[in-house]
Amino acid sequence: MFYATGFHKSALMAAKPKPQLLHKIAGTAVESSPKRARTLSTQSSMKDAFAKYAEYLNNLNDKRERVVKASRDITMNSKKVIFQVHRISKQNKEEVLEKAEKDLADVTTRHVSRLVNELQGTDFWKLRRAYSPGVQEYVEAATLCKFCKTGTLLSLDEINAVLLPLSDPSLEPLQINNLDYILGLADLTGELMRLAIGRISDGELEFAKKICRFVRDIYRELTLLVPHMDDNSDIKMKMDTMLQSTMKIENACFSVHVRGSEYMPLLGSDDPGSFLSGVPDIEL
């Protein structure tokens, strides 16, 4: 009986946890609670951060879609202005240019203003690839109208001055950058080549020579400028096309100048000795 009772007491004493062990268990429980709270707090903050990033990217993608749509509308309507300028002739020059300038102003107020409203006050350079084609076409149309009217080049500052009133004065305005302006000028030479060939066929050789000198000046200046620019495949490709356009104008003007005695205007001749004397002009 004594041994049994002693054994029972020993078992109870062995089963009873020591005070030091209780303190350790309690301390572990107390320490794990703040860690769990910190983990939940970290997960919640990361979830909120990713939600903000997702909202930012969704808004940026929506804005990109609107910018692409505005750029597409600018491109389409700027091409209409260019087509209008190509209807020019000796008889209707002022009328055609007046209509083209009116259409260009409509493009500015209706379509370019949409682009300005979307991009003003933001890091618009992030979306440059989305709106650059429309801006280049707009530069091409504006510079073509200015050359046909005054024989001079529309500068980048003059174009940006037209866009400035479209912006909110309290926000950073959208301004056309140098690269898009230069790319637009490169496209301008192609339209001037077509215009020069048309003027030669209409007997306006002096106007064609004026176009030739103007295109030469643009090509010469850009040839000096482009090597100092950052590597850009678009401008390199357009420089090759610009050279081809310049050569086409030069060859056309040279052929007419050298073979001037054989040249006959398409719409008849005022030379009394010509076999077309007295024949009315052909209506195209």
# chains A, B, ... in the order shown; residues from 1 in each chain; ligands from 1
call {"tool": "residues_around", "arguments": {"residues": "region 95-100 of chain A", "least_positions_apart": "2", "cutoff": "12 Å", "atoms": "only C-alpha atoms", "output": "NGL selection string"}}
result
:A and (77-93 or 102-107 or 141-150)
call {"tool": "closest_atom_pairs", "arguments": {"of": "region 51-162 of chain A", "to": "region 173-197 of chain A", "cutoff": "9 Å", "atoms": "only C-alpha atoms", "output": "JSON lines"}}
result
{"residue": "A:Ile82", "atom": "CA", "partner": "A:Glu191", "partner_atom": "CA", "distance": 8.0}
{"residue": "A:Val85", "atom": "CA", "partner": "A:Leu195", "partner_atom": "CA", "distance": 8.7}
{"residue": "A:His86", "atom": "CA", "partner": "A:Leu195", "partner_atom": "CA", "distance": 6.4}
{"residue": "A:Ile88", "atom": "CA", "partner": "A:Leu195", "partner_atom": "CA", "distance": 8.8}
{"residue": "A:Leu115", "atom": "CA", "partner": "A:Leu174", "partner_atom": "CA", "distance": 8.5}
{"residue": "A:Val116", "atom": "CA", "partner": "A:Leu174", "partner_atom": "CA", "distance": 5.8}
{"residue": "A:Asn117", "atom": "CA", "partner": "A:Leu174", "partner_atom": "CA", "distance": 8.6}
{"residue": "A:Leu119", "atom": "CA", "partner": "A:Leu174", "partner_atom": "CA", "distance": 6.4}
{"residue": "A:Gln120", "atom": "CA", "partner": "A:Pro173", "partner_atom": "CA", "distance": 5.0}
{"residue": "A:Gly121", "atom": "CA", "partner": "A:Pro173", "partner_atom": "CA", "distance": 6.4}
{"residue": "A:Thr122", "atom": "CA", "partner": "A:Leu174", "partner_atom": "CA", "distance": 8.8}
{"residue": "A:Phe124", "atom": "CA", "partner": "A:Leu174", "partner_atom": "CA", "distance": 7.5}
{"residue": "A:Ser132", "atom": "CA", "partner": "A:Asp180", "partner_atom": "CA", "distance": 6.5}
{"residue": "A:Pro133", "atom": "CA", "partner": "A:Asp180", "partner_atom": "CA", "distance": 8.3}
{"residue": "A:Val135", "atom": "CA", "partner": "A:Asp180", "partner_atom": "CA", "distance": 6.8}
{"residue": "A:Gln136", "atom": "CA", "partner": "A:Gly184", "partner_atom": "CA", "distance": 4.3}
{"residue": "A:Glu137", "atom": "CA", "partner": "A:Gly184", "partner_atom": "CA", "distance": 6.3}
{"residue": "A:Tyr138", "atom": "CA", "partner": "A:Gly184", "partner_atom": "CA", "distance": 7.8}
{"residue": "A:Val139", "atom": "CA", "partner": "A:Gly184", "partner_atom": "CA", "distance": 5.3}
{"residue": "A:Glu140", "atom": "CA", "partner": "A:Gly184", "partner_atom": "CA", "distance": 5.0}
{"residue": "A:Ala141", "atom": "CA", "partner": "A:Leu188", "partner_atom": "CA", "distance": 7.8}
{"residue": "A:Thr143", "atom": "CA", "partner": "A:Leu188", "partner_atom": "CA", "distance": 7.4}
{"residue": "A:Leu144", "atom": "CA", "partner": "A:Leu188", "partner_atom": "CA", "distance": 6.7}
{"residue": "A:Ser155", "atom": "CA", "partner": "A:Tyr181", "partner_atom": "CA", "distance": 8.9}
{"residue": "A:Leu156", "atom": "CA", "partner": "A:Tyr181", "partner_atom": "CA", "distance": 6.7}
{"residue": "A:Ile159", "atom": "CA", "partner": "A:Ile176", "partner_atom": "CA", "distance": 8.0}
{"residue": "A:Asn160", "atom": "CA", "partner": "A:Gln175", "partner_atom": "CA", "distance": 5.8}
{"residue": "A:Ala161", "atom": "CA", "partner": "A:Gln175", "partner_atom": "CA", "distance": 8.9}
call {"tool": "closest_residue", "arguments": {"among": "A:Asn58, A:Val162, A:Arg64, A:Thr109", "to": "Lys126 (chain A)", "atoms": "only C-alpha atoms"}}
result
A:Arg64
call {"tool": "atom_distance", "arguments": {"atom1": "CA of Met237 (chain A)", "atom2": "CA of Glu221 (chain A)"}}
result
16.4 Å
call {"tool": "select_by_dssp", "arguments": {"residues": "region 46-258 of chain A", "states": "helix (DSSP H, G or I)", "output": "ChimeraX atom specification"}}
result
/A:46-85,93-119,124-150,156-166,178-201,205-228,233-258
call {"tool": "residues_around", "arguments": {"residues": "Ala208 (chain A)", "least_positions_apart": "4", "cutoff": "7 Å", "atoms": "only C-alpha atoms", "output": "PyMOL selection string"}}
result
chain A and resi 196+199-200+204+212
call {"tool": "atom_distance", "arguments": {"atom1": "CA of Ser245 (chain A)", "atom2": "CA of Arg72 (chain A)"}}
result
25.7 Å
call {"tool": "atom_distance", "arguments": {"atom1": "CA of Ala130 (chain A)", "atom2": "CA of Ser71 (chain A)"}}
result
7.3 Å
call {"tool": "closest_residue", "arguments": {"among": "A:Leu127, A:Gly134, A:Ile211, A:Met239", "to": "Leu224 (chain A)", "atoms": "only C-alpha atoms"}}
result
A:Met239
